[in-house]
>>> print(open('work-v1.pdb').read())   # PDB, C-alpha atoms
ATOM      1  CA  LEU A   1      82.400 115.136  71.960
ATOM      2  CA  THR A   2      85.156 117.167  73.504
ATOM      3  CA  PRO A   3      85.141 120.866  72.586
ATOM      4  CA  SER A   4      88.191 120.338  70.346
ATOM      5  CA  CYS A   5      86.299 117.751  68.317
ATOM      6  CA  ARG A   6      83.348 120.032  67.452
ATOM      7  CA  LYS A   7      83.159 122.125  64.309
ATOM      8  CA  ILE A   8      85.141 125.363  64.668
ATOM      9  CA  ASN A   9      83.968 128.044  62.235
ATOM     10  CA  MET A  10      82.879 125.372  59.722
ATOM     11  CA  LYS A  11      86.322 123.831  59.521
ATOM     12  CA  GLY A  12      86.399 120.161  58.619
ATOM     13  CA  LYS A  13      87.173 117.688  61.373
ATOM     14  CA  ILE A  14      90.631 116.206  61.655
ATOM     15  CA  ILE A  15      90.262 112.625  62.865
ATOM     16  CA  TYR A  16      93.617 111.351  64.107
ATOM     17  CA  LEU A  17      93.900 107.536  64.231
ATOM     18  CA  ASN A  18      96.774 106.926  66.638
ATOM     19  CA  GLY A  19      98.287 103.461  67.021
ATOM     20  CA  VAL A  20     101.275 101.235  66.378
ATOM     21  CA  THR A  21     101.810  99.493  63.065
ATOM     22  CA  SER A  22      99.347  96.632  62.432
ATOM     23  CA  SER A  23      96.940  97.887  65.082
ATOM     24  CA  GLY A  24      94.280  98.241  62.358
ATOM     25  CA  LYS A  25      94.286 101.924  61.375
ATOM     26  CA  THR A  26      94.461 101.429  57.605
ATOM     27  CA  SER A  27      91.893  98.607  57.702
ATOM     28  CA  ILE A  28      89.503 100.983  59.468
ATOM     29  CA  VAL A  29      90.096 103.624  56.782
ATOM     30  CA  GLU A  30      89.328 101.047  54.082
ATOM     31  CA  ALA A  31      86.112 100.088  55.925
ATOM     32  CA  LEU A  32      85.131 103.772  56.115
ATOM     33  CA  ARG A  33      85.602 104.078  52.360
ATOM     34  CA  ALA A  34      83.471 100.958  51.823
ATOM     35  CA  CYS A  35      80.715 102.572  53.941
ATOM     36  CA  GLY A  36      80.757 105.638  51.682
ATOM     37  CA  ALA A  37      82.211 108.063  54.235
ATOM     38  CA  LYS A  38      83.634 111.204  52.611
ATOM     39  CA  PHE A  39      87.091 112.281  53.786
ATOM     40  CA  TYR A  40      90.640 113.027  52.733
ATOM     41  CA  TYR A  41      93.291 110.551  53.862
ATOM     42  CA  LEU A  42      96.790 111.384  55.072
ATOM     43  CA  SER A  43      99.334 109.026  56.601
ATOM     44  CA  ASP A  44     102.918 108.941  57.779
ATOM     45  CA  ASP A  45     103.580 106.254  55.161
ATOM     46  CA  ILE A  46     102.384 108.483  52.306
ATOM     47  CA  PHE A  47     104.553 111.379  53.423
ATOM     48  CA  GLU A  48     107.542 109.142  54.183
ATOM     49  CA  ASP A  49     107.322 107.315  50.841
ATOM     50  CA  HIS A  50     106.585 110.314  48.642
ATOM     51  CA  ILE A  51     107.862 113.447  50.366
ATOM     52  CA  MET A  52     111.167 112.551  52.012
ATOM     53  CA  ASP A  53     114.249 113.222  49.894
ATOM     54  CA  ASN A  54     116.113 109.907  49.435
ATOM     55  CA  ILE A  55     116.675 109.318  53.130
ATOM     56  CA  GLN A  56     116.053 105.708  54.098
ATOM     57  CA  TYR A  57     115.390 104.170  57.500
ATOM     58  CA  GLY A  58     118.611 103.872  59.513
ATOM     59  CA  MET A  59     120.494 106.538  57.543
ATOM     60  CA  PRO A  60     121.910 109.576  59.378
ATOM     61  CA  GLY A  61     119.260 112.276  59.623
ATOM     62  CA  TYR A  62     116.363 109.850  59.084
ATOM     63  CA  ASN A  63     114.418 110.785  62.249
ATOM     64  CA  GLU A  64     114.760 114.507  61.565
ATOM     65  CA  ALA A  65     113.657 114.106  57.921
ATOM     66  CA  LEU A  66     110.722 111.904  58.950
ATOM     67  CA  ALA A  67     109.692 114.421  61.614
ATOM     68  CA  GLU A  68     109.764 117.210  59.018
ATOM     69  CA  ALA A  69     107.601 115.145  56.634
ATOM     70  CA  VAL A  70     105.143 114.263  59.412
ATOM     71  CA  PHE A  71     104.774 117.887  60.500
ATOM     72  CA  LEU A  72     104.207 118.865  56.851
ATOM     73  CA  MET A  73     101.425 116.252  56.866
ATOM     74  CA  HIS A  74      99.854 117.980  59.875
ATOM     75  CA  ARG A  75      99.998 121.361  58.154
ATOM     76  CA  THR A  76      98.427 119.793  55.040
ATOM     77  CA  ALA A  77      95.572 118.503  57.213
ATOM     78  CA  CYS A  78      95.005 122.087  58.367
ATOM     79  CA  LEU A  79      94.616 123.218  54.747
ATOM     80  CA  PHE A  80      91.950 120.584  54.083
ATOM     81  CA  SER A  81      90.184 121.471  57.326
ATOM     82  CA  LYS A  82      90.175 125.192  56.445
ATOM     83  CA  ALA A  83      88.410 124.206  53.206
ATOM     84  CA  GLY A  84      85.703 122.488  55.276
ATOM     85  CA  LYS A  85      86.904 118.967  54.433
ATOM     86  CA  THR A  86      87.081 116.065  56.872
ATOM     87  CA  VAL A  87      90.567 114.589  57.137
ATOM     88  CA  ILE A  88      91.609 111.234  58.539
ATOM     89  CA  ILE A  89      95.202 110.918  59.667
ATOM     90  CA  ASP A  90      96.672 107.411  59.954
ATOM     91  CA  SER A  91      99.680 107.895  62.200
ATOM     92  CA  MET A  92     101.341 107.373  65.544
ATOM     93  CA  LEU A  93     102.319 109.979  68.101
ATOM     94  CA  VAL A  94     105.881 109.202  69.181
ATOM     95  CA  GLU A  95     108.369 110.680  71.577
ATOM     96  CA  ASN A  96     111.796 110.167  70.069
ATOM     97  CA  GLU A  97     114.565 112.097  68.343
ATOM     98  CA  GLY A  98     113.210 114.724  65.965
ATOM     99  CA  PHE A  99     109.632 114.499  67.254
ATOM    100  CA  THR A 100     109.720 115.329  70.974
ATOM    101  CA  PRO A 101     107.395 116.680  72.230
ATOM    102  CA  HIS A 102     105.254 115.260  69.415
ATOM    103  CA  TYR A 103     101.845 115.264  71.125
ATOM    104  CA  LYS A 104     102.285 118.835  72.391
ATOM    105  CA  ARG A 105     103.421 119.994  68.952
ATOM    106  CA  VAL A 106     100.386 118.324  67.336
ATOM    107  CA  LEU A 107      98.060 120.012  69.844
ATOM    108  CA  ASP A 108      99.718 123.368  69.072
ATOM    109  CA  ILE A 109      99.331 122.893  65.301
ATOM    110  CA  TYR A 110      95.655 121.969  65.658
ATOM    111  CA  LYS A 111      94.719 124.368  68.480
ATOM    112  CA  ASN A 112      92.250 126.219  66.237
ATOM    113  CA  TYR A 113      90.981 123.117  64.463
ATOM    114  CA  PRO A 114      88.420 120.436  65.371
ATOM    115  CA  LEU A 115      90.872 117.657  66.266
ATOM    116  CA  CYS A 116      89.360 114.272  67.176
ATOM    117  CA  MET A 117      91.825 111.843  68.747
ATOM    118  CA  VAL A 118      91.121 108.124  68.272
ATOM    119  CA  GLU A 119      93.219 105.387  69.837
ATOM    120  CA  VAL A 120      93.433 102.264  67.674
ATOM    121  CA  TYR A 121      94.863  99.350  69.611
ATOM    122  CA  CYS A 122      94.987  95.614  70.189
ATOM    123  CA  PRO A 123      97.317  93.324  72.147
ATOM    124  CA  LEU A 124     100.904  93.515  70.901
ATOM    125  CA  GLU A 125     100.900  89.768  70.252
ATOM    126  CA  ILE A 126      98.074  90.296  67.739
ATOM    127  CA  CYS A 127     100.107  93.078  66.096
ATOM    128  CA  ARG A 128     103.107  90.736  65.942
ATOM    129  CA  GLN A 129     100.996  88.097  64.178
ATOM    130  CA  ARG A 130      99.636  90.713  61.768
ATOM    131  CA  ASN A 131     103.189  91.942  61.050
ATOM    132  CA  LEU A 132     104.262  88.399  60.170
ATOM    133  CA  LYS A 133     101.229  87.910  57.938
ATOM    134  CA  ARG A 134     101.810  91.229  56.146
ATOM    135  CA  GLY A 135     105.418  90.438  55.428
ATOM    136  CA  ASP A 136     106.376  94.105  54.962
ATOM    137  CA  ARG A 137     106.931  94.843  58.657
ATOM    138  CA  ASP A 138     109.439  93.562  61.173
ATOM    139  CA  GLU A 139     107.908  91.001  63.524
ATOM    140  CA  LEU A 140     108.555  93.152  66.618
ATOM    141  CA  GLN A 141     107.996  96.572  64.994
ATOM    142  CA  SER A 142     104.729  97.185  66.865
ATOM    143  CA  GLN A 143     106.358  96.363  70.203
ATOM    144  CA  GLU A 144     109.267  98.703  69.423
ATOM    145  CA  GLN A 145     106.831 101.474  68.468
ATOM    146  CA  ALA A 146     104.776 100.949  71.630
ATOM    147  CA  ALA A 147     107.907 101.739  73.657
ATOM    148  CA  VAL A 148     108.185 105.225  72.087
ATOM    149  CA  MET A 149     104.477 105.966  71.663
ATOM    150  CA  ALA A 150     103.357 109.205  73.330
ATOM    151  CA  LYS A 151     101.767 108.761  76.743
ATOM    152  CA  ASN A 152      98.882 110.660  78.357
ATOM    153  CA  VAL A 153      97.070 111.345  75.084
ATOM    154  CA  ARG A 154      93.488 112.531  75.592
ATOM    155  CA  TYR A 155      91.255 110.426  73.344
ATOM    156  CA  ASP A 156      87.738 111.120  72.116
ATOM    157  CA  LEU A 157      87.267 107.457  71.169
ATOM    158  CA  ARG A 158      89.100 104.152  71.665
ATOM    159  CA  LEU A 159      88.836 101.242  69.207
ATOM    160  CA  ASP A 160      90.036  97.749  70.163
ATOM    161  CA  THR A 161      90.627  95.926  66.862
ATOM    162  CA  ASP A 162      91.044  92.605  68.634
ATOM    163  CA  ILE A 163      87.373  92.774  69.627
ATOM    164  CA  LEU A 164      85.898  94.938  66.853
ATOM    165  CA  SER A 165      86.142  94.275  63.116
ATOM    166  CA  PRO A 166      87.253  97.121  60.816
ATOM    167  CA  THR A 167      83.593  97.583  59.784
ATOM    168  CA  GLN A 168      82.464  97.818  63.421
ATOM    169  CA  CYS A 169      85.216 100.360  64.090
ATOM    170  CA  ALA A 170      84.143 102.349  61.014
ATOM    171  CA  ASP A 171      80.537 102.318  62.264
ATOM    172  CA  LYS A 172      81.670 103.716  65.619
ATOM    173  CA  LEU A 173      83.687 106.447  63.897
ATOM    174  CA  ILE A 174      80.747 107.388  61.682
ATOM    175  CA  LYS A 175      78.389 107.595  64.693
ATOM    176  CA  HIS A 176      80.843 109.769  66.640
ATOM    177  CA  PHE A 177      82.311 112.073  64.019
ATOM    178  CA  PHE A 178      80.393 112.092  60.712
TER     179      PHE A 178
END
>>> encode(input="work-v1.pdb", output="structure tokens")
Amino acid sequence: LTPSCRKINMKGKIIYLNGVTSSGKTSIVEALRACGAKFYYLSDDIFEDHIMDNIQYGMPGYNEALAEAVFLMHRTACLFSKAGKTVIIDSMLVENEGFTPHYKRVLDIYKNYPLCMVEVYCPLEICRQRNLKRGDRDELQSQEQAAVMAKNVRYDLRLDTDILSPTQCADKLIKHFF
């Protein structure tokens, strides 16, 4: 494990699952729960749906409000970590209005915490098919997100959900981080 991913003064690990929509992040979290892994779960969706103040996608100020909610999520993860709890973040590092430089800001927030970066990915065509099947995502949403996803992220683990099932991904996470 990288030094950042080791325990720091008994703080709980912060496991950041980074990937576009329908790459498999939430399915991996569900598989971890089924395996009995103990963790607290935070996601952009939770903070967007429950924290943002009546600002919907496409409205003026949306990106800034979403960025504020996401950075509150990161600070919440720090509180759990300080209490010695493992946290899994289901999110995507982006570089667009309101977030830039997102990856650097995340590294700054977690500089004194055991941050474990995990890339969750699969071919964009698979994401497109998953988006269609889900019905709650735009068909090309994953492709659009890939265009603004942060580059040069240093990962501790990579999980290809086209090759590995959610349970296999969960097993890899447990072996590496739990």
>>> closest_residue(input="work-v1.pdb", among="A:Leu164, A:Tyr103, A:Leu72, A:Phe178", to="Ser27 (chain A)", atoms="all atoms listed in the file")
A:Leu164
>>> resolve_selection(input="work-v1.pdb", expression="the PyMOL selection byres ((chain A and resi 90) around 12)", output="PyMOL selection string")
chain A and resi 14-30+40-47+70+73-74+77+87-89+91-93+117-120
>>> atom_distance(input="work-v1.pdb", atom1="CA of Asp49 (chain A)", atom2="CA of Glu125 (chain A)")
26.9 Å
>>> residues_around(input="work-v1.pdb", residues="Asn96 (chain A)", least_positions_apart="3", cutoff="12 Å", atoms="all atoms listed in the file", output="list in words")
Tyr62, Asn63, Glu64, Leu66, Ala67, Met92, Leu93, Phe99, Thr100, Pro101, His102, Tyr103, Glu144, Gln145, Ala146, Ala147, Val148, Met149 and Ala150 of chain A
>>> atom_distance(input="work-v1.pdb", atom1="CA of Lys175 (chain A)", atom2="CA of Gly84 (chain A)")
19.1 Å
>>> closest_residue(input="work-v1.pdb", among="A:Asp108, A:Glu48, A:Glu97, A:Asp138", to="Arg75 (chain A)", atoms="only C-alpha atoms")
A:Asp108
>>> decode(input="work-v1.pdb", residues="region 48-159 of chain A", atoms="C-alpha atoms", output="compact mmCIF listing (two decimals), in the first residue's frame")
# COMPACT_ATOMS: atom_id res chain seq x y z
CA GLU A 48 -26.63 16.05 -4.17
CA ASP A 49 -30.07 14.58 -3.41
CA HIS A 50 -30.22 15.45 0.28
CA ILE A 51 -27.90 18.39 0.94
CA MET A 52 -28.23 20.76 -2.01
CA ASP A 53 -30.82 23.51 -1.58
CA ASN A 54 -33.39 23.18 -4.40
CA ILE A 55 -30.88 23.62 -7.20
CA GLN A 56 -31.48 21.18 -10.03
CA TYR A 57 -29.18 20.05 -12.82
CA GLY A 58 -28.91 22.72 -15.53
CA MET A 59 -30.02 25.60 -13.29
CA PRO A 60 -27.71 28.60 -12.82
CA GLY A 61 -25.29 27.93 -9.98
CA TYR A 62 -25.71 24.14 -10.17
CA ASN A 63 -21.99 23.31 -10.56
CA GLU A 64 -21.00 25.60 -7.70
CA ALA A 65 -23.71 24.17 -5.40
CA LEU A 66 -22.75 20.60 -6.33
CA ALA A 67 -19.07 21.36 -5.70
CA GLU A 68 -19.94 22.75 -2.26
CA ALA A 69 -21.97 19.63 -1.43
CA VAL A 70 -19.19 17.33 -2.65
CA PHE A 71 -16.54 19.12 -0.60
CA LEU A 72 -18.83 18.90 2.45
CA MET A 73 -18.94 15.14 1.76
CA HIS A 74 -15.13 15.05 1.86
CA ARG A 75 -15.06 16.90 5.17
CA THR A 76 -17.68 14.48 6.53
CA ALA A 77 -15.42 11.58 5.54
CA CYS A 78 -12.65 13.19 7.61
CA LEU A 79 -14.92 13.20 10.67
CA PHE A 80 -15.63 9.48 10.31
CA SER A 81 -11.94 8.77 9.77
CA LYS A 82 -10.97 10.76 12.89
CA ALA A 83 -13.36 8.49 14.82
CA GLY A 84 -11.43 5.46 13.52
CA LYS A 85 -14.15 4.43 11.06
CA THR A 86 -13.55 3.17 7.53
CA VAL A 87 -15.33 5.25 4.91
CA ILE A 88 -16.10 4.37 1.31
CA ILE A 89 -16.70 7.26 -1.05
CA ASP A 90 -18.61 6.55 -4.28
CA SER A 91 -17.72 9.50 -6.49
CA MET A 92 -15.89 10.85 -9.49
CA LEU A 93 -13.02 13.32 -9.56
CA VAL A 94 -13.85 15.92 -12.20
CA GLU A 95 -12.20 19.00 -13.59
CA ASN A 96 -14.96 21.43 -14.48
CA GLU A 97 -16.54 24.65 -13.26
CA GLY A 98 -16.76 24.79 -9.48
CA PHE A 99 -14.46 21.81 -8.91
CA THR A 100 -11.11 22.65 -10.54
CA PRO A 101 -8.60 21.57 -9.37
CA HIS A 102 -10.70 18.78 -7.84
CA TYR A 103 -8.02 16.10 -7.43
CA LYS A 104 -5.56 18.55 -5.85
CA ARG A 105 -8.25 19.86 -3.50
CA VAL A 106 -9.15 16.29 -2.48
CA LEU A 107 -5.48 15.50 -1.80
CA ASP A 108 -5.22 18.67 0.32
CA ILE A 109 -8.34 17.78 2.34
CA TYR A 110 -7.07 14.25 3.00
CA LYS A 111 -3.35 15.04 3.42
CA ASN A 112 -3.39 13.84 7.04
CA TYR A 113 -5.73 10.92 6.43
CA PRO A 114 -5.23 7.39 5.08
CA LEU A 115 -6.69 7.95 1.60
CA CYS A 116 -6.90 4.90 -0.68
CA MET A 117 -7.67 5.72 -4.31
CA VAL A 118 -9.45 3.03 -6.35
CA GLU A 119 -10.22 3.38 -10.04
CA VAL A 120 -13.45 1.64 -11.05
CA TYR A 121 -13.74 1.37 -14.81
CA CYS A 122 -15.00 -0.56 -17.81
CA PRO A 123 -15.34 0.26 -21.52
CA LEU A 124 -17.63 3.24 -22.13
CA GLU A 125 -19.83 1.10 -24.37
CA ILE A 126 -20.55 -1.15 -21.37
CA CYS A 127 -21.40 1.94 -19.31
CA ARG A 128 -23.72 3.11 -22.09
CA GLN A 129 -25.53 -0.24 -22.04
CA ARG A 130 -25.78 -0.11 -18.24
CA ASN A 131 -27.16 3.45 -18.43
CA LEU A 132 -29.88 2.31 -20.83
CA LYS A 133 -30.74 -0.66 -18.62
CA ARG A 134 -30.92 1.52 -15.49
CA GLY A 135 -33.23 4.01 -17.11
CA ASP A 136 -32.32 6.80 -14.67
CA ARG A 137 -29.22 7.97 -16.54
CA ASP A 138 -28.71 9.54 -19.94
CA GLU A 139 -27.38 7.04 -22.47
CA LEU A 140 -24.16 9.02 -23.04
CA GLN A 141 -23.72 10.32 -19.47
CA SER A 142 -20.69 8.11 -18.78
CA GLN A 143 -18.99 9.28 -21.98
CA GLU A 144 -19.67 12.92 -21.08
CA GLN A 145 -18.27 12.36 -17.58
CA ALA A 146 -15.17 10.63 -18.95
CA ALA A 147 -14.37 13.82 -20.87
CA VAL A 148 -14.17 15.86 -17.63
CA MET A 149 -12.77 13.17 -15.34
CA ALA A 150 -9.54 14.17 -13.58
CA LYS A 151 -6.38 12.89 -15.23
CA ASN A 152 -3.12 11.68 -13.65
CA VAL A 153 -4.77 10.30 -10.52
CA ARG A 154 -2.46 8.03 -8.51
CA TYR A 155 -4.37 4.83 -7.75
CA ASP A 156 -3.71 2.20 -5.10
CA LEU A 157 -5.95 -0.30 -6.92
CA ARG A 158 -7.73 -0.57 -10.27
CA LEU A 159 -10.92 -2.61 -10.77
